[in-house]
>>> print(open('input.pdb').read())   # PDB, C-alpha atoms
ATOM      1  CA  MET F   1       0.000   0.000   0.000
ATOM      2  CA  ALA F   2       1.265   3.453  -0.909
ATOM      3  CA  ASN F   3       2.183   5.772   1.946
ATOM      4  CA  ILE F   4      -0.716   7.958   3.066
ATOM      5  CA  ILE F   5       0.374  11.560   3.599
ATOM      6  CA  PRO F   6      -2.141  13.764   5.447
ATOM      7  CA  PRO F   7      -2.577  17.415   4.417
ATOM      8  CA  LEU F   8       0.280  19.512   5.775
ATOM      9  CA  LYS F   9      -2.214  22.033   7.197
ATOM     10  CA  SER F  10      -3.825  19.293   9.305
ATOM     11  CA  LEU F  11      -0.451  18.236  10.672
ATOM     12  CA  ARG F  12       0.470  21.839  11.506
ATOM     13  CA  VAL F  13      -2.834  22.332  13.337
ATOM     14  CA  PHE F  14      -2.385  19.029  15.172
ATOM     15  CA  GLU F  15       1.108  20.028  16.301
ATOM     16  CA  GLN F  16      -0.024  23.426  17.591
ATOM     17  CA  ALA F  17      -3.041  21.971  19.374
ATOM     18  CA  ALA F  18      -0.781  19.427  21.052
ATOM     19  CA  TYR F  19       1.672  22.135  22.098
ATOM     20  CA  PHE F  20      -0.925  24.496  23.601
ATOM     21  CA  GLY F  21      -3.384  21.871  24.842
ATOM     22  CA  ASN F  22      -6.073  24.377  23.961
ATOM     23  CA  ILE F  23      -8.124  24.854  20.773
ATOM     24  CA  VAL F  24      -8.456  28.633  21.131
ATOM     25  CA  LYS F  25      -4.743  29.226  21.753
ATOM     26  CA  ALA F  26      -3.812  26.985  18.838
ATOM     27  CA  ALA F  27      -6.191  28.955  16.615
ATOM     28  CA  GLU F  28      -4.656  32.259  17.730
ATOM     29  CA  SER F  29      -1.127  31.035  16.992
ATOM     30  CA  LEU F  30      -2.174  29.922  13.491
ATOM     31  CA  ASN F  31      -4.413  32.949  12.836
ATOM     32  CA  ILE F  32      -7.442  30.800  12.054
ATOM     33  CA  SER F  33     -10.736  30.209  13.837
ATOM     34  CA  PRO F  34     -11.199  27.650  16.662
ATOM     35  CA  SER F  35     -13.783  25.854  14.513
ATOM     36  CA  ALA F  36     -11.177  25.519  11.746
ATOM     37  CA  VAL F  37      -8.770  23.936  14.244
ATOM     38  CA  SER F  38     -11.461  21.482  15.387
ATOM     39  CA  HIS F  39     -12.321  20.700  11.754
ATOM     40  CA  GLN F  40      -8.690  19.949  10.841
ATOM     41  CA  ILE F  41      -8.224  17.719  13.894
ATOM     42  CA  ALA F  42     -11.465  15.855  13.159
ATOM     43  CA  GLY F  43     -10.349  15.316   9.557
ATOM     44  CA  LEU F  44      -6.983  13.962  10.658
ATOM     45  CA  GLU F  45      -8.596  11.650  13.215
ATOM     46  CA  SER F  46     -10.985  10.408  10.506
ATOM     47  CA  LEU F  47      -8.091   9.719   8.140
ATOM     48  CA  LEU F  48      -6.143   7.838  10.818
ATOM     49  CA  ASP F  49      -9.258   6.255  12.322
ATOM     50  CA  LYS F  50      -7.795   7.051  15.741
ATOM     51  CA  LYS F  51      -8.589   9.538  18.500
ATOM     52  CA  LEU F  52      -5.663  11.931  18.910
ATOM     53  CA  PHE F  53      -7.033  14.064  21.761
ATOM     54  CA  TYR F  54      -9.430  13.800  24.662
ATOM     55  CA  ARG F  55     -11.033  16.737  26.404
ATOM     56  CA  THR F  56     -10.124  17.828  29.936
ATOM     57  CA  GLY F  57     -11.485  20.495  32.229
ATOM     58  CA  ARG F  58      -8.808  22.897  31.007
ATOM     59  CA  GLY F  59      -8.672  22.054  27.321
ATOM     60  CA  ILE F  60      -7.435  19.050  25.353
ATOM     61  CA  LYS F  61      -4.751  16.446  25.931
ATOM     62  CA  LEU F  62      -3.046  13.954  23.659
ATOM     63  CA  THR F  63      -4.104  10.329  23.789
ATOM     64  CA  GLY F  64      -1.394   7.689  23.865
ATOM     65  CA  ILE F  65      -1.720   7.260  20.103
ATOM     66  CA  GLY F  66      -1.696  11.031  19.682
ATOM     67  CA  GLN F  67       1.585  11.357  21.583
ATOM     68  CA  GLN F  68       3.172   8.587  19.529
ATOM     69  CA  TYR F  69       2.066  10.278  16.325
ATOM     70  CA  LEU F  70       3.382  13.681  17.453
ATOM     71  CA  ASP F  71       6.770  12.180  18.341
ATOM     72  CA  ALA F  72       6.919  10.484  14.945
ATOM     73  CA  ILE F  73       6.068  13.515  12.784
ATOM     74  CA  SER F  74       7.700  16.409  14.676
ATOM     75  CA  GLY F  75      11.168  15.798  13.249
ATOM     76  CA  ALA F  76       9.828  15.521   9.710
ATOM     77  CA  LEU F  77       7.814  18.741  10.047
ATOM     78  CA  HIS F  78      10.817  20.611  11.369
ATOM     79  CA  THR F  79      13.030  19.324   8.553
ATOM     80  CA  LEU F  80      10.413  20.302   5.974
ATOM     81  CA  GLY F  81       9.980  23.766   7.484
ATOM     82  CA  ALA F  82      13.705  24.372   7.804
ATOM     83  CA  ALA F  83      14.361  23.247   4.217
ATOM     84  CA  THR F  84      11.592  25.494   2.902
ATOM     85  CA  ASN F  85      12.787  28.503   4.886
ATOM     86  CA  ASP F  86      16.355  27.941   3.738
ATOM     87  CA  ILE F  87      15.299  28.033   0.091
ATOM     88  CA  ILE F  88      12.954  31.024   0.472
ATOM     89  CA  GLU F  89      15.353  33.112   2.523
ATOM     90  CA  ARG F  90      18.647  32.010   1.030
ATOM     91  CA  GLN F  91      20.843  34.983   0.418
ATOM     92  CA  GLU F  92      24.362  35.355  -0.861
ATOM     93  CA  GLN F  93      25.543  35.158   2.757
ATOM     94  CA  GLU F  94      24.255  32.212   4.813
ATOM     95  CA  THR F  95      22.610  33.104   8.124
ATOM     96  CA  LEU F  96      23.503  31.431  11.415
ATOM     97  CA  ARG F  97      20.601  31.850  13.817
ATOM     98  CA  ILE F  98      21.464  31.559  17.503
ATOM     99  CA  HIS F  99      19.142  31.744  20.477
ATOM    100  CA  THR F 100      20.730  32.238  23.883
ATOM    101  CA  ALA F 101      19.978  32.944  27.511
ATOM    102  CA  PRO F 102      20.289  36.760  27.803
ATOM    103  CA  THR F 103      23.117  36.976  30.353
ATOM    104  CA  PHE F 104      25.240  34.392  28.533
ATOM    105  CA  GLY F 105      24.644  36.254  25.281
ATOM    106  CA  LEU F 106      25.532  39.633  26.780
ATOM    107  CA  LEU F 107      28.466  38.750  29.007
ATOM    108  CA  TYR F 108      30.100  35.773  27.304
ATOM    109  CA  LEU F 109      29.033  35.405  23.677
ATOM    110  CA  LEU F 110      28.824  39.006  22.445
ATOM    111  CA  PRO F 111      32.404  40.004  23.415
ATOM    112  CA  ARG F 112      33.716  37.006  21.451
ATOM    113  CA  LEU F 113      31.609  37.196  18.292
ATOM    114  CA  GLU F 114      34.222  39.220  16.443
ATOM    115  CA  LYS F 115      36.546  36.217  16.696
ATOM    116  CA  PHE F 116      33.911  33.944  15.213
ATOM    117  CA  LYS F 117      33.162  36.437  12.427
ATOM    118  CA  LYS F 118      36.840  36.657  11.490
ATOM    119  CA  GLN F 119      37.121  32.883  11.400
ATOM    120  CA  TYR F 120      33.851  32.392   9.478
ATOM    121  CA  PRO F 121      33.142  35.572   7.476
ATOM    122  CA  GLU F 122      30.708  33.689   5.221
ATOM    123  CA  TYR F 123      28.012  33.705   7.917
ATOM    124  CA  GLN F 124      25.580  36.456   8.787
ATOM    125  CA  ILE F 125      24.866  36.095  12.516
ATOM    126  CA  ASN F 126      21.390  36.540  13.938
ATOM    127  CA  ILE F 127      20.992  36.349  17.738
ATOM    128  CA  ASP F 128      17.770  36.212  19.783
ATOM    129  CA  CYS F 129      17.809  36.307  23.582
ATOM    130  CA  SER F 130      15.217  35.091  26.083
ATOM    131  CA  TYR F 131      14.983  32.735  29.035
ATOM    132  CA  GLU F 132      12.328  30.660  27.275
ATOM    133  CA  ASN F 133      13.298  27.392  25.637
ATOM    134  CA  ILE F 134      12.415  28.011  21.991
ATOM    135  CA  GLN F 135      10.700  25.338  19.913
ATOM    136  CA  PHE F 136      12.991  24.442  17.064
ATOM    137  CA  ASN F 137      10.092  23.127  14.983
ATOM    138  CA  LEU F 138       8.366  26.522  15.216
ATOM    139  CA  SER F 139      11.386  28.732  14.592
ATOM    140  CA  GLN F 140      14.339  29.044  12.276
ATOM    141  CA  THR F 141      16.864  28.751  15.102
ATOM    142  CA  ASP F 142      19.958  26.685  14.351
ATOM    143  CA  VAL F 143      21.393  26.344  17.869
ATOM    144  CA  ASP F 144      20.314  27.380  21.361
ATOM    145  CA  ILE F 145      22.391  28.161  24.456
ATOM    146  CA  ARG F 146      20.097  27.153  27.311
ATOM    147  CA  TYR F 147      20.306  27.799  31.015
ATOM    148  CA  GLY F 148      18.935  25.311  33.498
ATOM    149  CA  SER F 149      18.621  21.600  34.113
ATOM    150  CA  PHE F 150      18.773  19.250  31.138
ATOM    151  CA  SER F 151      15.338  17.832  30.312
ATOM    152  CA  TRP F 152      14.933  18.386  26.576
ATOM    153  CA  LYS F 153      13.570  15.273  24.928
ATOM    154  CA  GLY F 154      14.600  14.612  21.374
ATOM    155  CA  LEU F 155      17.413  17.191  21.250
ATOM    156  CA  SER F 156      21.188  16.976  21.329
ATOM    157  CA  ALA F 157      22.607  18.783  24.360
ATOM    158  CA  ILE F 158      26.264  19.479  25.071
ATOM    159  CA  PRO F 159      26.878  20.607  28.676
ATOM    160  CA  ILE F 160      29.226  23.531  29.158
ATOM    161  CA  LYS F 161      31.797  22.276  31.654
ATOM    162  CA  ASN F 162      34.133  24.014  34.103
ATOM    163  CA  GLU F 163      31.448  26.376  35.367
ATOM    164  CA  TYR F 164      31.286  27.088  39.091
ATOM    165  CA  ALA F 165      29.178  28.940  41.617
ATOM    166  CA  ILE F 166      31.493  31.645  42.936
ATOM    167  CA  VAL F 167      31.069  34.394  45.561
ATOM    168  CA  LEU F 168      32.001  37.853  44.309
ATOM    169  CA  ALA F 169      32.111  41.424  45.600
ATOM    170  CA  HIS F 170      33.515  44.826  44.724
ATOM    171  CA  PRO F 171      37.042  45.418  46.094
ATOM    172  CA  ASP F 172      35.802  48.358  48.202
ATOM    173  CA  PHE F 173      33.113  46.169  49.734
ATOM    174  CA  LEU F 174      35.735  43.721  50.946
ATOM    175  CA  LYS F 175      37.800  46.545  52.419
ATOM    176  CA  LYS F 176      34.829  47.610  54.545
ATOM    177  CA  ASN F 177      33.656  44.093  55.461
ATOM    178  CA  GLN F 178      35.961  41.530  56.996
ATOM    179  CA  ILE F 179      35.107  38.184  55.409
ATOM    180  CA  ASN F 180      37.339  35.259  56.302
ATOM    181  CA  GLU F 181      34.922  32.334  56.145
ATOM    182  CA  PRO F 182      31.415  31.633  54.806
ATOM    183  CA  ILE F 183      29.609  32.412  58.059
ATOM    184  CA  ASP F 184      30.955  35.976  57.935
ATOM    185  CA  LEU F 185      28.705  36.580  54.914
ATOM    186  CA  LEU F 186      25.647  36.499  57.172
ATOM    187  CA  LYS F 187      26.663  39.932  58.451
ATOM    188  CA  CYS F 188      26.858  41.337  54.905
ATOM    189  CA  ASP F 189      24.338  42.612  52.379
ATOM    190  CA  LEU F 190      23.540  39.653  50.157
ATOM    191  CA  ILE F 191      22.295  40.029  46.586
ATOM    192  CA  ALA F 192      20.056  37.242  45.275
ATOM    193  CA  SER F 193      20.123  36.199  41.616
ATOM    194  CA  GLN F 194      16.752  34.539  41.201
ATOM    195  CA  CYS F 195      17.743  32.730  37.995
ATOM    196  CA  MET F 196      20.960  31.291  39.407
ATOM    197  CA  LEU F 197      20.806  27.496  39.711
ATOM    198  CA  MET F 198      22.604  27.615  43.041
ATOM    199  CA  GLN F 199      20.899  29.973  45.461
ATOM    200  CA  TRP F 200      22.472  31.374  48.619
ATOM    201  CA  GLN F 201      20.816  28.813  50.901
ATOM    202  CA  GLN F 202      22.227  25.974  48.813
ATOM    203  CA  TRP F 203      25.658  27.578  48.783
ATOM    204  CA  PHE F 204      25.626  27.935  52.579
ATOM    205  CA  ALA F 205      24.340  24.351  52.963
ATOM    206  CA  ASN F 206      27.278  23.119  50.865
ATOM    207  CA  HIS F 207      29.523  24.712  53.486
ATOM    208  CA  ASN F 208      27.605  23.172  56.419
ATOM    209  CA  ILE F 209      25.657  26.311  57.329
ATOM    210  CA  GLN F 210      21.923  25.646  57.579
ATOM    211  CA  ILE F 211      19.667  28.708  57.380
ATOM    212  CA  GLU F 212      15.878  28.607  57.242
ATOM    213  CA  ASN F 213      15.098  32.273  56.652
ATOM    214  CA  LEU F 214      17.670  34.249  54.757
ATOM    215  CA  SER F 215      17.139  37.934  54.037
ATOM    216  CA  TYR F 216      18.572  39.818  51.078
ATOM    217  CA  ALA F 217      19.475  43.434  50.550
ATOM    218  CA  PHE F 218      18.539  43.121  46.865
ATOM    219  CA  SER F 219      16.991  40.484  44.625
ATOM    220  CA  PHE F 220      17.036  40.457  40.810
ATOM    221  CA  ASP F 221      15.458  38.225  38.177
ATOM    222  CA  ARG F 222      18.337  38.760  35.748
ATOM    223  CA  SER F 223      21.907  37.777  36.475
ATOM    224  CA  TYR F 224      23.405  40.750  34.652
ATOM    225  CA  MET F 225      21.524  43.047  37.066
ATOM    226  CA  SER F 226      23.004  41.160  40.025
ATOM    227  CA  PHE F 227      26.474  41.601  38.547
ATOM    228  CA  GLU F 228      25.843  45.315  38.061
ATOM    229  CA  ALA F 229      24.559  45.702  41.630
ATOM    230  CA  ALA F 230      27.665  44.021  43.030
ATOM    231  CA  LYS F 231      29.836  46.144  40.734
ATOM    232  CA  GLN F 232      28.206  49.210  42.279
ATOM    233  CA  ASN F 233      29.301  48.039  45.734
ATOM    234  CA  LEU F 234      25.792  47.126  46.897
ATOM    235  CA  GLY F 235      26.593  43.699  48.296
ATOM    236  CA  VAL F 236      27.834  40.151  47.669
ATOM    237  CA  ILE F 237      26.620  37.775  44.964
ATOM    238  CA  VAL F 238      26.935  34.072  44.261
ATOM    239  CA  GLU F 239      27.046  33.678  40.509
ATOM    240  CA  SER F 240      28.474  31.755  37.563
ATOM    241  CA  SER F 241      32.255  31.874  37.246
ATOM    242  CA  LEU F 242      31.820  31.715  33.463
ATOM    243  CA  LEU F 243      29.648  34.829  33.314
ATOM    244  CA  ALA F 244      31.784  36.605  35.902
ATOM    245  CA  GLN F 245      34.924  36.536  33.751
ATOM    246  CA  PRO F 246      34.687  40.084  32.318
ATOM    247  CA  PHE F 247      34.102  41.568  35.778
ATOM    248  CA  ILE F 248      36.985  39.622  37.329
ATOM    249  CA  GLN F 249      39.339  40.452  34.464
ATOM    250  CA  SER F 250      38.549  44.172  34.753
ATOM    251  CA  GLY F 251      38.967  44.108  38.539
ATOM    252  CA  GLU F 252      35.418  45.394  39.074
ATOM    253  CA  LEU F 253      34.599  42.248  41.067
ATOM    254  CA  ILE F 254      36.898  39.849  42.885
ATOM    255  CA  PRO F 255      36.348  36.369  44.339
ATOM    256  CA  VAL F 256      35.665  36.554  48.071
ATOM    257  CA  PHE F 257      37.155  33.105  48.737
ATOM    258  CA  GLY F 258      39.696  30.782  47.154
ATOM    259  CA  SER F 259      38.969  27.967  44.719
ATOM    260  CA  ASN F 260      38.119  25.566  47.574
ATOM    261  CA  TYR F 261      34.822  27.407  47.990
ATOM    262  CA  MET F 262      33.833  27.214  44.318
ATOM    263  CA  ILE F 263      31.053  24.703  43.652
ATOM    264  CA  PRO F 264      30.743  22.989  40.222
ATOM    265  CA  ILE F 265      27.465  23.558  38.387
ATOM    266  CA  ASP F 266      26.092  22.350  35.044
ATOM    267  CA  ALA F 267      24.156  25.487  34.192
ATOM    268  CA  HIS F 268      24.510  26.072  30.436
ATOM    269  CA  TYR F 269      23.967  23.702  27.519
ATOM    270  CA  ILE F 270      24.490  23.915  23.763
ATOM    271  CA  VAL F 271      21.210  22.516  22.409
ATOM    272  CA  PHE F 272      20.132  21.668  18.861
ATOM    273  CA  PRO F 273      17.996  19.102  16.988
ATOM    274  CA  HIS F 274      19.774  15.901  16.009
ATOM    275  CA  THR F 275      19.215  16.742  12.336
ATOM    276  CA  HIS F 276      21.226  19.981  12.683
ATOM    277  CA  LYS F 277      24.440  18.027  13.181
ATOM    278  CA  LYS F 278      24.722  17.790   9.392
ATOM    279  CA  TYR F 279      24.708  21.576   8.937
ATOM    280  CA  ALA F 280      28.221  22.962   8.513
ATOM    281  CA  LYS F 281      27.310  26.303  10.103
ATOM    282  CA  VAL F 282      26.071  24.576  13.273
ATOM    283  CA  GLN F 283      29.139  22.388  13.539
ATOM    284  CA  HIS F 284      31.416  25.379  12.927
ATOM    285  CA  PHE F 285      29.726  27.353  15.720
ATOM    286  CA  ILE F 286      29.775  24.455  18.192
ATOM    287  CA  ASN F 287      33.438  23.684  17.529
ATOM    288  CA  TRP F 288      34.353  27.364  17.847
ATOM    289  CA  LEU F 289      32.392  27.828  21.072
ATOM    290  CA  GLU F 290      33.846  24.699  22.659
ATOM    291  CA  GLU F 291      37.345  25.930  21.824
ATOM    292  CA  GLU F 292      36.560  29.348  23.329
ATOM    293  CA  LEU F 293      35.222  27.726  26.483
ATOM    294  CA  HIS F 294      38.317  25.537  26.730
ATOM    295  CA  ASN F 295      40.609  28.557  26.347
ATOM    296  CA  SER F 296      38.717  30.638  28.891
ATOM    297  CA  ARG F 297      38.886  28.191  31.774
TER     298      ARG F 297
END
>>> encode(input="input.pdb", output="structure tokens")
Amino acid sequence: MANIIPPLKSLRVFEQAAYFGNIVKAAESLNISPSAVSHQIAGLESLLDKKLFYRTGRGIKLTGIGQQYLDAISGALHTLGAATNDIIERQEQETLRIHTAPTFGLLYLLPRLEKFKKQYPEYQINIDCSYENIQFNLSQTDVDIRYGSFSWKGLSAIPIKNEYAIVLAHPDFLKKNQINEPIDLLKCDLIASQCMLMQWQQWFANHNIQIENLSYAFSFDRSYMSFEAAKQNLGVIVESSLLAQPFIQSGELIPVFGSNYMIPIDAHYIVFPHTHKKYAKVQHFINWLEEELHNSR
């Protein structure tokens, strides 16, 4: 029997409905009516002779068969979309599209992009920043630098090694505050980086100091703001040694303790679909970034 290929529109609607778990939201993302979404799903279910969704109190949810079907077609849809976009948007200069966590992009990647551009002048570089994990099958992104714990099914992920949680302060802050051991920090103004994988309580616990209620002088939801606050002599931060490099190199911040108090963390990952391994531009960027990371230990 010849392969049965459903209409591409039905597959696109099915994928969006599965992602949002809601007919109305799927319709909004596709700029069609909710009834059109329901019609496309019903047509696909009729073709397959299988129920793909069941209704819940909050919307819709994939059946077991529906989840299997989504897993099976997602890679093909992404490959089809990427190939189409490449042909439509192909210019004389090939574009490398990178998505990155904002602080990594600002503090680590941006200062080094000139090196990459000199090594690979054939690429036009496009960078998007956000803390959301983008969906490769819904975007044109080639590679993503993600922050957080690894839990990305169906994607290749390369952990960025040699990253540590490190305590930092402005030199003037350390002149005014005598800090010889971790417990001395409890008398200081602490700055909390809400996005940091290792929070102050965890850092203290790693050094055998248990604290139930810890107060902070400042708290920020972006790491680069925490770095700036510490640079302005407002307190002490615990942050990524990788992201702290420009501040340490300039002398604006200095480690409060020696290397014995640095705690290893797996915070950043280079993430991309398995199919992107065959793209030269992706491999060039990954190889270059890994070399940069190795050289900046």
>>> closest_residue(input="input.pdb", among="F:Leu253, F:Val238, F:Ala157, F:Leu106", to="Gln202 in chain F", atoms="all atoms listed in the file")
F:Val238
>>> residues_around(input="input.pdb", residues="Ile265 in chain F", least_positions_apart="3", cutoff="9 Å", atoms="all atoms listed in the file", output="PyMOL selection string")
chain F and resi 161-165+197-198+240+268
>>> atom_distance(input="input.pdb", atom1="CA of Lys281 in chain F", atom2="CA of Ser29 in chain F")
29.6 Å
>>> atom_distance(input="input.pdb", atom1="CA of Pro182 in chain F", atom2="CA of Ala267 in chain F")
22.7 Å
>>> closest_residue(input="input.pdb", among="F:Leu11, F:Val37, F:Ile23, F:Ala205", to="Tyr69 in chain F", atoms="all atoms listed in the file")
F:Leu11
>>> resolve_selection(input="input.pdb", expression="the PyMOL selection byres ((chain F and resi 218) around 10)", output="mmCIF file with C-alpha atoms, in the coordinates of the input")
data_model
loop_
_atom_site.group_PDB
_atom_site.id
_atom_site.type_symbol
_atom_site.label_atom_id
_atom_site.label_comp_id
_atom_site.auth_asym_id
_atom_site.auth_seq_id
_atom_site.Cartn_x
_atom_site.Cartn_y
_atom_site.Cartn_z
ATOM 1 C CA ASP F 189 24.338 42.612 52.379
ATOM 2 C CA LEU F 190 23.540 39.653 50.157
ATOM 3 C CA ILE F 191 22.295 40.029 46.586
ATOM 4 C CA ALA F 192 20.056 37.242 45.275
ATOM 5 C CA SER F 193 20.123 36.199 41.616
ATOM 6 C CA SER F 215 17.139 37.934 54.037
ATOM 7 C CA TYR F 216 18.572 39.818 51.078
ATOM 8 C CA ALA F 217 19.475 43.434 50.550
ATOM 9 C CA SER F 219 16.991 40.484 44.625
ATOM 10 C CA PHE F 220 17.036 40.457 40.810
ATOM 11 C CA SER F 226 23.004 41.160 40.025
ATOM 12 C CA ALA F 229 24.559 45.702 41.630
ATOM 13 C CA ALA F 230 27.665 44.021 43.030
ATOM 14 C CA LEU F 234 25.792 47.126 46.897
ATOM 15 C CA GLY F 235 26.593 43.699 48.296
ATOM 16 C CA VAL F 236 27.834 40.151 47.669
ATOM 17 C CA ILE F 237 26.620 37.775 44.964
#
>>> atom_distance(input="input.pdb", atom1="CA of Ala27 in chain F", atom2="CA of Tyr54 in chain F")
17.5 Å
>>> decode(input="input.pdb", residues="range 101-114 of chain F", atoms="N, CA, C and O atoms", output="PDB file, in the first residue's frame")
ATOM      1  N   ALA F 101      20.380  32.304  26.256  1.00  0.00           N
ATOM      2  CA  ALA F 101      19.978  32.944  27.511  1.00  0.00           C
ATOM      3  C   ALA F 101      20.590  34.347  27.526  1.00  0.00           C
ATOM      4  O   ALA F 101      21.749  34.522  27.130  1.00  0.00           O
ATOM      5  N   PRO F 102      19.830  35.368  27.942  1.00  0.00           N
ATOM      6  CA  PRO F 102      20.289  36.760  27.803  1.00  0.00           C
ATOM      7  C   PRO F 102      21.639  37.058  28.439  1.00  0.00           C
ATOM      8  O   PRO F 102      22.497  37.701  27.807  1.00  0.00           O
ATOM      9  N   THR F 103      21.872  36.615  29.681  1.00  0.00           N
ATOM     10  CA  THR F 103      23.117  36.976  30.353  1.00  0.00           C
ATOM     11  C   THR F 103      24.310  36.315  29.688  1.00  0.00           C
ATOM     12  O   THR F 103      25.377  36.928  29.528  1.00  0.00           O
ATOM     13  N   PHE F 104      24.163  35.064  29.256  1.00  0.00           N
ATOM     14  CA  PHE F 104      25.240  34.392  28.533  1.00  0.00           C
ATOM     15  C   PHE F 104      25.531  35.135  27.228  1.00  0.00           C
ATOM     16  O   PHE F 104      26.690  35.353  26.863  1.00  0.00           O
ATOM     17  N   GLY F 105      24.463  35.540  26.531  1.00  0.00           N
ATOM     18  CA  GLY F 105      24.644  36.254  25.281  1.00  0.00           C
ATOM     19  C   GLY F 105      25.353  37.580  25.474  1.00  0.00           C
ATOM     20  O   GLY F 105      26.247  37.947  24.696  1.00  0.00           O
ATOM     21  N   LEU F 106      24.974  38.303  26.542  1.00  0.00           N
ATOM     22  CA  LEU F 106      25.532  39.633  26.780  1.00  0.00           C
ATOM     23  C   LEU F 106      26.961  39.579  27.307  1.00  0.00           C
ATOM     24  O   LEU F 106      27.842  40.293  26.826  1.00  0.00           O
ATOM     25  N   LEU F 107      27.188  38.720  28.302  1.00  0.00           N
ATOM     26  CA  LEU F 107      28.466  38.750  29.007  1.00  0.00           C
ATOM     27  C   LEU F 107      29.519  37.815  28.418  1.00  0.00           C
ATOM     28  O   LEU F 107      30.717  38.084  28.542  1.00  0.00           O
ATOM     29  N   TYR F 108      29.100  36.718  27.806  1.00  0.00           N
ATOM     30  CA  TYR F 108      30.100  35.773  27.304  1.00  0.00           C
ATOM     31  C   TYR F 108      30.171  35.762  25.773  1.00  0.00           C
ATOM     32  O   TYR F 108      31.252  35.884  25.192  1.00  0.00           O
ATOM     33  N   LEU F 109      29.019  35.607  25.125  1.00  0.00           N
ATOM     34  CA  LEU F 109      29.033  35.405  23.677  1.00  0.00           C
ATOM     35  C   LEU F 109      29.351  36.683  22.901  1.00  0.00           C
ATOM     36  O   LEU F 109      30.210  36.680  22.005  1.00  0.00           O
ATOM     37  N   LEU F 110      28.669  37.771  23.213  1.00  0.00           N
ATOM     38  CA  LEU F 110      28.824  39.006  22.445  1.00  0.00           C
ATOM     39  C   LEU F 110      30.272  39.507  22.376  1.00  0.00           C
ATOM     40  O   LEU F 110      30.740  39.876  21.294  1.00  0.00           O
ATOM     41  N   PRO F 111      31.017  39.511  23.502  1.00  0.00           N
ATOM     42  CA  PRO F 111      32.404  40.004  23.415  1.00  0.00           C
ATOM     43  C   PRO F 111      33.318  39.137  22.550  1.00  0.00           C
ATOM     44  O   PRO F 111      34.421  39.564  22.189  1.00  0.00           O
ATOM     45  N   ARG F 112      32.871  37.927  22.207  1.00  0.00           N
ATOM     46  CA  ARG F 112      33.716  37.006  21.451  1.00  0.00           C
ATOM     47  C   ARG F 112      33.273  36.831  20.001  1.00  0.00           C
ATOM     48  O   ARG F 112      33.938  36.138  19.226  1.00  0.00           O
ATOM     49  N   LEU F 113      32.151  37.435  19.629  1.00  0.00           N
ATOM     50  CA  LEU F 113      31.609  37.196  18.292  1.00  0.00           C
ATOM     51  C   LEU F 113      32.519  37.707  17.183  1.00  0.00           C
ATOM     52  O   LEU F 113      32.502  37.177  16.069  1.00  0.00           O
ATOM     53  N   GLU F 114      33.303  38.721  17.457  1.00  0.00           N
ATOM     54  CA  GLU F 114      34.222  39.220  16.443  1.00  0.00           C
ATOM     55  C   GLU F 114      35.210  38.136  16.031  1.00  0.00           C
ATOM     56  O   GLU F 114      35.568  38.006  14.858  1.00  0.00           O
TER      57      GLU F 114
END
